[in-house]
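Novice: Sharing upload_39.tsv, TSV, C-alpha atoms:
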chain	number	residue	atom	x	y	z
V	298	MET	CA	-85.83	-132.35	-4.26
V	299	LEU	CA	-85.29	-128.80	-5.48
V	300	LEU	CA	-88.56	-128.94	-7.41
V	301	ILE	CA	-90.42	-130.24	-4.35
V	302	PHE	CA	-88.98	-127.42	-2.26
V	303	LEU	CA	-89.90	-124.73	-4.79
V	304	ALA	CA	-93.40	-126.15	-5.25
V	305	LEU	CA	-94.04	-126.45	-1.50
V	306	ARG	CA	-92.90	-122.90	-0.86
V	307	ALA	CA	-94.83	-121.42	-3.77
V	308	PHE	CA	-98.07	-123.27	-2.99
V	309	GLY	CA	-97.60	-122.65	0.75
V	310	ASN	CA	-97.45	-118.92	0.07
V	311	LEU	CA	-100.44	-119.21	-2.25
V	312	CYS	CA	-102.54	-121.01	0.41
V	313	LEU	CA	-101.53	-118.40	2.97
V	314	ALA	CA	-102.45	-115.57	0.62
V	315	TRP	CA	-105.74	-117.16	-0.42
V	316	GLY	CA	-106.65	-118.02	3.16
V	317	THR	CA	-105.88	-114.61	4.65
V	318	LYS	CA	-107.71	-112.80	1.86
V	319	HIS	CA	-110.85	-114.77	2.66
V	320	LEU	CA	-110.70	-114.15	6.42
V	321	PRO	CA	-113.59	-112.18	7.88
V	322	GLU	CA	-111.17	-110.31	10.18
V	323	THR	CA	-108.24	-108.06	9.37
V	324	LEU	CA	-104.91	-109.26	10.70
V	325	ALA	CA	-103.50	-106.51	12.87
V	326	ALA	CA	-101.65	-106.24	16.13
V	327	ASP	CA	-104.08	-108.53	17.98
V	328	PRO	CA	-102.46	-111.95	18.59
V	329	MET	CA	-105.86	-113.60	19.10
V	330	VAL	CA	-106.82	-112.84	15.50
V	331	TYR	CA	-103.66	-114.64	14.34
V	332	LEU	CA	-104.38	-117.65	16.53
V	333	ARG	CA	-107.95	-117.83	15.23
V	334	SER	CA	-106.75	-117.43	11.64
V	335	MET	CA	-104.54	-120.51	12.01
V	336	LEU	CA	-107.68	-122.60	12.42
V	337	ASP	CA	-108.63	-121.64	8.87
V	338	PRO	CA	-107.97	-124.74	6.68
V	339	ALA	CA	-106.24	-122.86	3.86
V	340	ILE	CA	-103.96	-120.96	6.24
V	341	ALA	CA	-103.17	-124.09	8.25
V	342	LEU	CA	-102.37	-125.94	5.01
V	343	GLY	CA	-100.16	-123.06	3.90
V	344	ILE	CA	-98.23	-123.08	7.18
V	345	VAL	CA	-97.79	-126.87	7.05
V	346	MET	CA	-96.50	-126.59	3.45
V	347	LEU	CA	-94.05	-123.85	4.43
V	348	ILE	CA	-92.76	-125.96	7.35
V	349	LEU	CA	-92.38	-128.97	5.00
V	350	ALA	CA	-90.56	-126.69	2.53
V	351	LEU	CA	-88.11	-125.78	5.30
V	352	LEU	CA	-87.47	-129.45	6.09
V	353	VAL	CA	-86.98	-130.36	2.40
V	354	ARG	CA	-84.57	-127.42	2.15
V	355	LEU	CA	-82.57	-128.83	5.07
V	356	ALA	CA	-82.42	-132.22	3.34
V	357	LEU	CA	-81.46	-130.51	0.09
V	358	LEU	CA	-78.64	-128.68	1.82
V	359	SER	CA	-77.25	-131.99	3.02
V	360	VAL	CA	-76.66	-133.15	-0.56
V	361	ALA	CA	-76.18	-129.90	-2.51
V	362	ASP	CA	-73.98	-126.84	-1.97
V	363	LEU	CA	-75.51	-123.75	-0.41
V	364	SER	CA	-74.11	-121.69	-3.30
V	365	PHE	CA	-76.25	-123.83	-5.61
V	366	VAL	CA	-79.38	-123.87	-3.46
V	367	LEU	CA	-79.57	-120.15	-2.66
V	368	PRO	CA	-79.64	-118.77	-6.24
V	369	MET	CA	-82.22	-121.44	-7.07
V	370	THR	CA	-84.50	-120.24	-4.28
V	371	ALA	CA	-84.47	-116.80	-5.92
V	372	VAL	CA	-86.77	-118.42	-8.50
V	373	GLY	CA	-89.38	-118.21	-5.72
V	374	TYR	CA	-89.87	-114.48	-6.37
V	375	VAL	CA	-90.79	-115.18	-9.99
V	376	LEU	CA	-93.04	-118.09	-8.96
V	377	ALA	CA	-94.88	-115.85	-6.48
V	378	ALA	CA	-95.69	-113.36	-9.23
V	379	LEU	CA	-96.87	-116.21	-11.48
V	380	MET	CA	-99.01	-117.72	-8.70
V	381	GLY	CA	-100.60	-114.36	-7.98
V	382	LYS	CA	-101.43	-113.84	-11.65
V	383	VAL	CA	-102.70	-117.34	-12.41
V	384	PHE	CA	-104.51	-118.34	-9.22
V	385	LEU	CA	-105.41	-115.08	-7.50
V	386	HIS	CA	-106.08	-113.21	-10.77
V	387	GLU	CA	-103.79	-110.36	-9.76
V	388	VAL	CA	-102.94	-107.76	-12.37
V	389	VAL	CA	-99.17	-107.91	-12.84
V	390	SER	CA	-98.06	-104.87	-14.83
V	391	PRO	CA	-95.00	-104.95	-17.13
V	392	GLN	CA	-93.27	-102.70	-14.59
V	393	ARG	CA	-93.91	-105.24	-11.85
V	394	TRP	CA	-92.50	-108.03	-14.03
V	395	LEU	CA	-89.42	-105.85	-14.53
V	396	ALA	CA	-89.18	-105.32	-10.78
V	397	VAL	CA	-89.49	-109.07	-10.12
V	398	ALA	CA	-86.81	-109.80	-12.76
V	399	LEU	CA	-84.42	-107.27	-11.18
V	400	ILE	CA	-85.03	-108.69	-7.70
V	401	PHE	CA	-84.52	-112.24	-9.04
V	402	ALA	CA	-81.23	-111.28	-10.71
V	403	GLY	CA	-80.08	-109.35	-7.64
V	404	THR	CA	-80.84	-112.05	-5.10
V	405	ALA	CA	-79.29	-114.73	-7.34
V	406	LEU	CA	-76.13	-112.61	-7.57
V	407	VAL	CA	-75.98	-111.90	-3.83
V	408	SER	CA	-76.50	-115.57	-3.02
V	409	SER	CA	-73.74	-116.78	-5.31
V	410	THR	CA	-70.97	-114.93	-3.48
V	411	PRO	CA	-68.33	-116.81	-1.49
V	412	GLN	CA	-69.82	-118.31	1.66
V	413	SER	CA	-67.35	-117.00	4.23
V	414	THR	CA	-65.31	-113.84	4.06
V	415	THR	CA	-64.53	-113.46	7.74
V	416	PRO	CA	-61.51	-115.33	9.10
V	417	PRO	CA	-62.54	-118.01	11.61
V	418	ARG	CA	-62.01	-116.75	15.12
V	419	ALA	CA	-59.89	-118.87	17.41
V	420	ALA	CA	-62.08	-117.97	20.38
V	421	GLY	CA	-65.05	-120.09	19.26
V	422	ARG	CA	-65.06	-123.72	20.32
V	423	VAL	CA	-65.17	-125.80	17.15
V	424	GLU	CA	-67.46	-128.78	17.41
V	425	GLY	CA	-68.56	-131.31	14.86
V	426	SER	CA	-65.35	-131.15	12.87
V	427	LYS	CA	-63.68	-133.90	14.84
H	178	MET	CA	-100.37	-99.69	6.36
H	179	THR	CA	-98.76	-101.79	3.62
H	180	TRP	CA	-95.40	-100.09	4.02
H	181	VAL	CA	-95.56	-100.36	7.82
H	182	LEU	CA	-95.98	-104.14	7.44
H	183	VAL	CA	-93.18	-104.29	4.85
H	184	THR	CA	-90.90	-102.39	7.25
H	185	VAL	CA	-91.73	-104.64	10.21
H	186	MET	CA	-91.20	-107.75	8.07
H	187	VAL	CA	-87.90	-106.62	6.55
H	188	VAL	CA	-86.39	-105.25	9.79
H	189	ALA	CA	-87.45	-108.35	11.75
H	190	THR	CA	-86.02	-110.70	9.09
H	191	ALA	CA	-82.71	-108.83	8.92
H	192	LEU	CA	-82.44	-108.67	12.71
H	193	SER	CA	-83.20	-112.36	13.00
H	194	ASP	CA	-80.58	-113.36	10.42
H	195	LEU	CA	-78.03	-111.03	11.97
H	196	LEU	CA	-78.56	-112.43	15.47
H	197	GLN	CA	-78.42	-115.99	14.16
H	198	SER	CA	-75.23	-115.43	12.22
H	199	TYR	CA	-73.56	-113.63	15.13
H	200	GLU	CA	-74.50	-116.22	17.73
H	201	MET	CA	-73.74	-119.26	15.56
H	202	LYS	CA	-70.29	-117.90	14.64
H	203	ARG	CA	-69.65	-117.55	18.37
H	204	ALA	CA	-70.84	-121.10	18.93
H	205	GLY	CA	-68.44	-122.52	16.36
H	206	ALA	CA	-69.06	-125.02	13.57
H	207	GLN	CA	-72.08	-127.31	14.02
H	208	SER	CA	-73.02	-130.56	12.37
H	209	VAL	CA	-76.48	-131.39	11.11
H	210	GLY	CA	-77.27	-135.00	11.94
H	211	ALA	CA	-79.59	-136.85	14.27
H	212	ARG	CA	-77.60	-135.63	17.27
H	213	GLY	CA	-76.74	-132.32	15.67
H	214	VAL	CA	-80.40	-131.29	15.42
H	215	GLY	CA	-80.99	-132.08	19.08
H	216	ARG	CA	-78.01	-130.00	20.06
H	217	LEU	CA	-79.21	-127.14	17.83
H	218	LEU	CA	-82.60	-127.19	19.56
H	219	ARG	CA	-80.93	-127.06	22.96
H	220	MET	CA	-78.76	-124.18	21.80
H	221	ILE	CA	-81.82	-122.19	20.78
H	222	VAL	CA	-83.13	-122.40	24.34
H	223	GLU	CA	-79.78	-121.73	25.97
H	224	ARG	CA	-78.46	-118.92	23.83
H	225	ARG	CA	-80.32	-115.68	24.39
H	226	TYR	CA	-79.62	-114.16	20.96
H	227	LEU	CA	-80.87	-117.27	19.17
H	228	LEU	CA	-84.09	-117.16	21.14
H	229	LEU	CA	-84.44	-113.47	20.27
H	230	SER	CA	-83.83	-114.30	16.60
H	231	ILE	CA	-86.69	-116.80	16.67
H	232	VAL	CA	-88.95	-114.12	18.18
H	233	CYS	CA	-87.93	-111.77	15.35
H	234	LEU	CA	-88.67	-114.52	12.84
H	235	ALA	CA	-92.15	-114.93	14.31
H	236	PHE	CA	-92.78	-111.17	14.03
H	237	SER	CA	-91.57	-111.28	10.44
H	238	PHE	CA	-93.91	-114.18	9.61
H	239	PHE	CA	-96.95	-112.53	11.19
H	240	ALA	CA	-96.19	-109.30	9.36
H	241	PHE	CA	-95.96	-111.35	6.14
H	242	MET	CA	-99.37	-112.91	6.86
H	243	ALA	CA	-100.97	-109.51	7.36
H	244	LEU	CA	-99.18	-108.15	4.28
H	245	VAL	CA	-100.28	-110.99	2.04
H	246	GLN	CA	-103.85	-110.39	3.23
H	247	ALA	CA	-103.81	-106.73	2.25
H	248	ALA	CA	-101.45	-106.69	-0.75
H	249	PRO	CA	-101.12	-108.84	-3.91
H	250	LEU	CA	-98.91	-111.95	-3.66
H	251	SER	CA	-96.89	-110.69	-6.63
H	252	PHE	CA	-95.98	-107.69	-4.45
H	253	ALA	CA	-95.63	-109.26	-0.99
H	254	VAL	CA	-93.07	-111.94	-1.85
H	255	PRO	CA	-90.73	-109.88	-4.06
H	256	VAL	CA	-90.78	-106.95	-1.62
H	257	SER	CA	-89.46	-109.26	1.11
H	258	ALA	CA	-86.17	-109.27	-0.84
H	259	ALA	CA	-85.56	-105.82	0.67
H	260	SER	CA	-84.06	-107.70	3.60
H	261	PHE	CA	-81.10	-108.57	1.32
H	262	ILE	CA	-80.14	-104.90	1.15
H	263	LEU	CA	-80.52	-104.23	4.87
H	264	GLU	CA	-78.64	-107.44	5.67
H	265	THR	CA	-75.80	-106.59	3.32
H	266	VAL	CA	-75.39	-103.19	5.00
H	267	LEU	CA	-75.69	-104.59	8.53
H	268	ALA	CA	-73.33	-107.50	7.75
H	269	LYS	CA	-70.71	-105.00	6.70
H	270	VAL	CA	-71.24	-102.53	9.56
H	271	LEU	CA	-71.96	-104.85	12.48
H	272	LEU	CA	-70.49	-108.24	11.54
H	273	LYS	CA	-67.50	-106.69	9.72
H	274	GLU	CA	-68.01	-108.96	6.72
H	275	GLN	CA	-66.33	-107.97	3.49
H	276	ILE	CA	-68.80	-107.04	0.77
H	277	GLY	CA	-67.48	-108.07	-2.65
H	278	ALA	CA	-68.32	-106.43	-5.97
H	279	ARG	CA	-70.77	-109.19	-6.90
H	280	ARG	CA	-72.69	-108.89	-3.67
H	281	ALA	CA	-72.78	-105.10	-3.89
H	282	ALA	CA	-74.01	-105.34	-7.50
H	283	GLY	CA	-76.65	-107.87	-6.44
H	284	ALA	CA	-77.91	-105.65	-3.64
H	285	LEU	CA	-78.02	-102.72	-6.08
H	286	LEU	CA	-80.10	-104.76	-8.56
H	287	VAL	CA	-82.52	-105.66	-5.76
H	288	LEU	CA	-82.75	-101.98	-4.84
H	289	CYS	CA	-83.62	-101.08	-8.46
H	290	GLY	CA	-86.23	-103.83	-8.43
H	291	LEU	CA	-87.75	-102.49	-5.21
H	292	LEU	CA	-87.93	-98.97	-6.63
H	293	ALA	CA	-89.76	-100.34	-9.68
H	294	LEU	CA	-92.04	-102.34	-7.36
H	295	GLY	CA	-92.74	-99.39	-5.09
H	296	ARG	CA	-94.19	-96.97	-7.59
Output the file's structure as structure tokens, nothing else.
Specialist:
Amino acid sequence: MLLIFLALRAFGNLCLAWGTKHLPETLAADPMVYLRSMLDPAIALGIVMLILALLVRLALLSVADLSFVLPMTAVGYVLAALMGKVFLHEVVSPQRWLAVALIFAGTALVSSTPQSTTPPRAAGRVEGSK
Amino acid sequence: MTWVLVTVMVVATALSDLLQSYEMKRAGAQSVGARGVGRLLRMIVERRYLLLSIVCLAFSFFAFMALVQAAPLSFAVPVSAASFILETVLAKVLLKEQIGARRAAGALLVLCGLLALGR
């Protein structure tokens, strides 16, 4: 399930990137341009894949701990760099690889911290724990 | 233009997460099941901050679309990690969360990565 999630997210981003780069118009502040761009097959496919990725992530969270899932999703930053290099023929300099590695390590570290540090407040009505 | 889009994306993401965390903590623990999802959807409509967080999320996504059009994918996705730093700071200041050494170190690593990415 983790692999499906990572693949969906990475390829969703790739489709979005590929689709937007081939648009005749520049995406700016005009909402109509965005609406029109969503009719583009590659962009629509990318958005569908990203929505599916979100749903798979929800399912994943129901069977795995968040503290396991979050550091794993940090792999996405490395995958994005790989996708850009392989499929979009982007030039990824050694410095950019270093940057991606640092960001991967940092986000993995941030995500693996204890999930709740604030004491639960008595004021909130607790549902679902019955 | 690139950095304007990065700023919009990062600020909108951080704001969205912050609003979600704040409002959901106020709402109390939720379950995710067939009925839980329905209740979550109703909450989004009823709770003003949740609705606002979804609007922020939309802004963040549209900024990401424009960014990925103008900048390389190997830049656009890693740079979105900047929201981790802003969120860590805001979580401490506004949500009064305690920031442990690991989390601080992680945010610092991300910051180093962003500096390397930026130049």
Novice: Any idea which chain H residues end up within 8 Å of chain V if we count all atoms listed in the file, as a PyMOL selection string please?
Specialist: chain H and resi 202-208+239+242-243+245-247+249-252+254-255+258+261+273-275+277+279-294
Novice: Just the selected residues (C-alpha atoms), exported as a short mmCIF file (atom, residue, chain, number, x, y, z; two decimals), in the frame of the given file, please.
Specialist:
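Dumped to result09.cif:
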data_model
loop_
_atom_site.label_atom_id
_atom_site.label_comp_id
_atom_site.auth_asym_id
_atom_site.auth_seq_id
_atom_site.Cartn_x
_atom_site.Cartn_y
_atom_site.Cartn_z
CA LYS H 202 -70.29 -117.90 14.64
CA ARG H 203 -69.65 -117.55 18.37
CA ALA H 204 -70.84 -121.10 18.93
CA GLY H 205 -68.44 -122.52 16.36
CA ALA H 206 -69.06 -125.02 13.57
CA GLN H 207 -72.08 -127.31 14.02
CA SER H 208 -73.02 -130.56 12.37
CA PHE H 239 -96.95 -112.53 11.19
CA MET H 242 -99.37 -112.91 6.86
CA ALA H 243 -100.97 -109.51 7.36
CA VAL H 245 -100.28 -110.99 2.04
CA GLN H 246 -103.85 -110.39 3.23
CA ALA H 247 -103.81 -106.73 2.25
CA PRO H 249 -101.12 -108.84 -3.91
CA LEU H 250 -98.91 -111.95 -3.66
CA SER H 251 -96.89 -110.69 -6.63
CA PHE H 252 -95.98 -107.69 -4.45
CA VAL H 254 -93.07 -111.94 -1.85
CA PRO H 255 -90.73 -109.88 -4.06
CA ALA H 258 -86.17 -109.27 -0.84
CA PHE H 261 -81.10 -108.57 1.32
CA LYS H 273 -67.50 -106.69 9.72
CA GLU H 274 -68.01 -108.96 6.72
CA GLN H 275 -66.33 -107.97 3.49
CA GLY H 277 -67.48 -108.07 -2.65
CA ARG H 279 -70.77 -109.19 -6.90
CA ARG H 280 -72.69 -108.89 -3.67
CA ALA H 281 -72.78 -105.10 -3.89
CA ALA H 282 -74.01 -105.34 -7.50
CA GLY H 283 -76.65 -107.87 -6.44
CA ALA H 284 -77.91 -105.65 -3.64
CA LEU H 285 -78.02 -102.72 -6.08
CA LEU H 286 -80.10 -104.76 -8.56
CA VAL H 287 -82.52 -105.66 -5.76
CA LEU H 288 -82.75 -101.98 -4.84
CA CYS H 289 -83.62 -101.08 -8.46
CA GLY H 290 -86.23 -103.83 -8.43
CA LEU H 291 -87.75 -102.49 -5.21
CA LEU H 292 -87.93 -98.97 -6.63
CA ALA H 293 -89.76 -100.34 -9.68
CA LEU H 294 -92.04 -102.34 -7.36
#
Novice: Take every atom of range 268-275 of chain H listed in the file, fit an axis-aligned box around them, add 4 Å per side, and give the centre and edge lengths in Å to one decimal as JSON.
Specialist:
{"center_x": -69.8, "center_y": -105.7, "center_z": 8.0, "size_x": 15.0, "size_y": 14.4, "size_z": 17.0}
Novice: Which distance in Å separates CA of Ser257 in chain H and CA of Trp180 in chain H, to one decimal?
Specialist: 11.3 Å
Novice: In Å, rounded to a single decimal, give me how far CA of Leu244 in chain H is from CA of Met178 in chain H.
Specialist: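 According to the coordinates, CA of Met178 in chain H and CA of Leu244 in chain H are separated by 8.8 Å.
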Novice: Just the number, please: distance in Å from CA of Ser260 in chain H to CA of Ala248 in chain H, one decimal.
Specialist: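 According to the coordinates, CA of Ser260 in chain H and CA of Ala248 in chain H are separated by 18.0 Å.
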Novice: Fewer than 4 positions away in the same chain doesn't count, so skip those; otherwise give me all residues within 10 Å of range 344-347 of chain V, counting only C-alpha atoms, as an MDAnalysis selection string.
Specialist: chainID V and resid 302 304:310 312:313 335 338:340 351:353
Novice: Residues as selected, C-alpha atoms, written as an mmCIF file, in the frame of the given file, can you do that?
Specialist:
data_model
loop_
_atom_site.group_PDB
_atom_site.id
_atom_site.type_symbol
_atom_site.label_atom_id
_atom_site.label_comp_id
_atom_site.auth_asym_id
_atom_site.auth_seq_id
_atom_site.Cartn_x
_atom_site.Cartn_y
_atom_site.Cartn_z
ATOM 1 C CA PHE V 302 -88.980 -127.420 -2.260
ATOM 2 C CA ALA V 304 -93.400 -126.150 -5.250
ATOM 3 C CA LEU V 305 -94.040 -126.450 -1.500
ATOM 4 C CA ARG V 306 -92.900 -122.900 -0.860
ATOM 5 C CA ALA V 307 -94.830 -121.420 -3.770
ATOM 6 C CA PHE V 308 -98.070 -123.270 -2.990
ATOM 7 C CA GLY V 309 -97.600 -122.650 0.750
ATOM 8 C CA ASN V 310 -97.450 -118.920 0.070
ATOM 9 C CA CYS V 312 -102.540 -121.010 0.410
ATOM 10 C CA LEU V 313 -101.530 -118.400 2.970
ATOM 11 C CA MET V 335 -104.540 -120.510 12.010
ATOM 12 C CA PRO V 338 -107.970 -124.740 6.680
ATOM 13 C CA ALA V 339 -106.240 -122.860 3.860
ATOM 14 C CA ILE V 340 -103.960 -120.960 6.240
ATOM 15 C CA LEU V 351 -88.110 -125.780 5.300
ATOM 16 C CA LEU V 352 -87.470 -129.450 6.090
ATOM 17 C CA VAL V 353 -86.980 -130.360 2.400
#
Novice: Could you name the residues that touch Ser230 in chain H at 10 Å or less, counting all atoms listed in the file, but leaving out those on the same chain fewer than 2 positions away, as a list in words?
Specialist: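 The contact residues come out as Ala189, Thr190, Ala191, Leu192, Ser193, Asp194, Leu195, Leu196, Gln197, Ser198, Glu200, Ile221, Arg225, Tyr226, Leu227, Leu228, Val232, Cys233, Leu234, Ala235 and Phe236 of chain H.
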Novice: H:Phe241, H:Ile231, H:Met201, H:Arg212: which is nearest Val256 in chain H, counting all atoms listed in the file?
Specialist: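 The answer is H:Phe241, which sits nearest to Val256 in chain H.
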Novice: Excluding Val360 in chain V and its own-chain neighbours fewer than 5 positions away, which residues fall within 12 Å of it when counting only C-alpha atoms? Please give them as a list in words.
Specialist: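 So, after excluding close chain neighbours, the residues are Met298, Leu299, Val353, Arg354, Leu355, Phe365 and Val366 of chain V; Val209 of chain H.
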Novice: Some atoms are absent from range 206-235 of chain H, so rebuild N, CA and C atoms and return them as a PDB file, keeping the file's coordinate frame.
Specialist:
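Saved as out11.pdb:
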ATOM      1  N   ALA H 206     -68.447-124.190  14.606  1.00  0.00           N
ATOM      2  CA  ALA H 206     -69.060-125.020  13.570  1.00  0.00           C
ATOM      3  C   ALA H 206     -69.957-126.100  14.178  1.00  0.00           C
ATOM      4  N   GLN H 207     -71.118-126.317  13.538  1.00  0.00           N
ATOM      5  CA  GLN H 207     -72.080-127.310  14.020  1.00  0.00           C
ATOM      6  C   GLN H 207     -72.302-128.359  12.938  1.00  0.00           C
ATOM      7  N   SER H 208     -72.688-129.529  13.353  1.00  0.00           N
ATOM      8  CA  SER H 208     -73.020-130.560  12.370  1.00  0.00           C
ATOM      9  C   SER H 208     -74.533-130.723  12.343  1.00  0.00           C
ATOM     10  N   VAL H 209     -75.050-131.133  11.187  1.00  0.00           N
ATOM     11  CA  VAL H 209     -76.480-131.390  11.110  1.00  0.00           C
ATOM     12  C   VAL H 209     -76.681-132.894  10.924  1.00  0.00           C
ATOM     13  N   GLY H 210     -76.998-133.566  11.981  1.00  0.00           N
ATOM     14  CA  GLY H 210     -77.270-135.000  11.940  1.00  0.00           C
ATOM     15  C   GLY H 210     -78.342-135.256  12.960  1.00  0.00           C
ATOM     16  N   ALA H 211     -78.563-136.519  13.278  1.00  0.00           N
ATOM     17  CA  ALA H 211     -79.590-136.850  14.270  1.00  0.00           C
ATOM     18  C   ALA H 211     -79.260-136.178  15.603  1.00  0.00           C
ATOM     19  N   ARG H 212     -77.974-136.247  16.004  1.00  0.00           N
ATOM     20  CA  ARG H 212     -77.600-135.630  17.270  1.00  0.00           C
ATOM     21  C   ARG H 212     -77.416-134.135  17.117  1.00  0.00           C
ATOM     22  N   GLY H 213     -76.980-133.745  15.931  1.00  0.00           N
ATOM     23  CA  GLY H 213     -76.740-132.320  15.670  1.00  0.00           C
ATOM     24  C   GLY H 213     -78.005-131.498  15.836  1.00  0.00           C
ATOM     25  N   VAL H 214     -79.140-132.020  15.341  1.00  0.00           N
ATOM     26  CA  VAL H 214     -80.400-131.290  15.420  1.00  0.00           C
ATOM     27  C   VAL H 214     -80.831-131.098  16.871  1.00  0.00           C
ATOM     28  N   GLY H 215     -80.660-132.162  17.655  1.00  0.00           N
ATOM     29  CA  GLY H 215     -80.990-132.080  19.080  1.00  0.00           C
ATOM     30  C   GLY H 215     -80.174-131.023  19.782  1.00  0.00           C
ATOM     31  N   ARG H 216     -78.883-130.985  19.436  1.00  0.00           N
ATOM     32  CA  ARG H 216     -78.010-130.000  20.060  1.00  0.00           C
ATOM     33  C   ARG H 216     -78.392-128.585  19.619  1.00  0.00           C
ATOM     34  N   LEU H 217     -78.782-128.456  18.332  1.00  0.00           N
ATOM     35  CA  LEU H 217     -79.210-127.140  17.830  1.00  0.00           C
ATOM     36  C   LEU H 217     -80.428-126.651  18.597  1.00  0.00           C
ATOM     37  N   LEU H 218     -81.387-127.571  18.836  1.00  0.00           N
ATOM     38  CA  LEU H 218     -82.600-127.190  19.560  1.00  0.00           C
ATOM     39  C   LEU H 218     -82.262-126.727  20.976  1.00  0.00           C
ATOM     40  N   ARG H 219     -81.307-127.444  21.610  1.00  0.00           N
ATOM     41  CA  ARG H 219     -80.930-127.060  22.960  1.00  0.00           C
ATOM     42  C   ARG H 219     -80.242-125.687  22.952  1.00  0.00           C
ATOM     43  N   MET H 220     -79.455-125.469  21.900  1.00  0.00           N
ATOM     44  CA  MET H 220     -78.760-124.180  21.800  1.00  0.00           C
ATOM     45  C   MET H 220     -79.737-123.019  21.702  1.00  0.00           C
ATOM     46  N   ILE H 221     -80.833-123.260  20.964  1.00  0.00           N
ATOM     47  CA  ILE H 221     -81.820-122.190  20.780  1.00  0.00           C
ATOM     48  C   ILE H 221     -82.358-121.742  22.137  1.00  0.00           C
ATOM     49  N   VAL H 222     -82.583-122.727  23.023  1.00  0.00           N
ATOM     50  CA  VAL H 222     -83.130-122.400  24.340  1.00  0.00           C
ATOM     51  C   VAL H 222     -82.072-121.739  25.219  1.00  0.00           C
ATOM     52  N   GLU H 223     -80.825-122.212  25.067  1.00  0.00           N
ATOM     53  CA  GLU H 223     -79.780-121.730  25.970  1.00  0.00           C
ATOM     54  C   GLU H 223     -79.197-120.388  25.572  1.00  0.00           C
ATOM     55  N   ARG H 224     -79.124-120.145  24.287  1.00  0.00           N
ATOM     56  CA  ARG H 224     -78.460-118.920  23.830  1.00  0.00           C
ATOM     57  C   ARG H 224     -79.487-117.819  23.609  1.00  0.00           C
ATOM     58  N   ARG H 225     -79.318-116.740  24.348  1.00  0.00           N
ATOM     59  CA  ARG H 225     -80.320-115.680  24.390  1.00  0.00           C
ATOM     60  C   ARG H 225     -80.559-115.054  23.003  1.00  0.00           C
ATOM     61  N   TYR H 226     -79.474-114.820  22.262  1.00  0.00           N
ATOM     62  CA  TYR H 226     -79.620-114.160  20.960  1.00  0.00           C
ATOM     63  C   TYR H 226     -80.363-115.041  19.969  1.00  0.00           C
ATOM     64  N   LEU H 227     -80.160-116.363  20.081  1.00  0.00           N
ATOM     65  CA  LEU H 227     -80.870-117.270  19.170  1.00  0.00           C
ATOM     66  C   LEU H 227     -82.359-117.236  19.453  1.00  0.00           C
ATOM     67  N   LEU H 228     -82.690-117.222  20.736  1.00  0.00           N
ATOM     68  CA  LEU H 228     -84.090-117.160  21.140  1.00  0.00           C
ATOM     69  C   LEU H 228     -84.727-115.868  20.611  1.00  0.00           C
ATOM     70  N   LEU H 229     -83.977-114.783  20.754  1.00  0.00           N
ATOM     71  CA  LEU H 229     -84.440-113.470  20.270  1.00  0.00           C
ATOM     72  C   LEU H 229     -84.634-113.511  18.751  1.00  0.00           C
ATOM     73  N   SER H 230     -83.728-114.226  18.065  1.00  0.00           N
ATOM     74  CA  SER H 230     -83.830-114.300  16.600  1.00  0.00           C
ATOM     75  C   SER H 230     -85.086-115.054  16.193  1.00  0.00           C
ATOM     76  N   ILE H 231     -85.465-116.055  16.982  1.00  0.00           N
ATOM     77  CA  ILE H 231     -86.690-116.800  16.670  1.00  0.00           C
ATOM     78  C   ILE H 231     -87.915-115.898  16.887  1.00  0.00           C
ATOM     79  N   VAL H 232     -87.860-115.066  17.938  1.00  0.00           N
ATOM     80  CA  VAL H 232     -88.950-114.120  18.180  1.00  0.00           C
ATOM     81  C   VAL H 232     -89.075-113.153  16.999  1.00  0.00           C
ATOM     82  N   CYS H 233     -87.929-112.664  16.521  1.00  0.00           N
ATOM     83  CA  CYS H 233     -87.930-111.770  15.350  1.00  0.00           C
ATOM     84  C   CYS H 233     -88.527-112.470  14.144  1.00  0.00           C
ATOM     85  N   LEU H 234     -88.167-113.746  13.967  1.00  0.00           N
ATOM     86  CA  LEU H 234     -88.670-114.520  12.840  1.00  0.00           C
ATOM     87  C   LEU H 234     -90.192-114.639  12.900  1.00  0.00           C
ATOM     88  N   ALA H 235     -90.703-114.824  14.135  1.00  0.00           N
ATOM     89  CA  ALA H 235     -92.150-114.930  14.310  1.00  0.00           C
ATOM     90  C   ALA H 235     -92.823-113.611  13.922  1.00  0.00           C
TER      91      ALA H 235
END
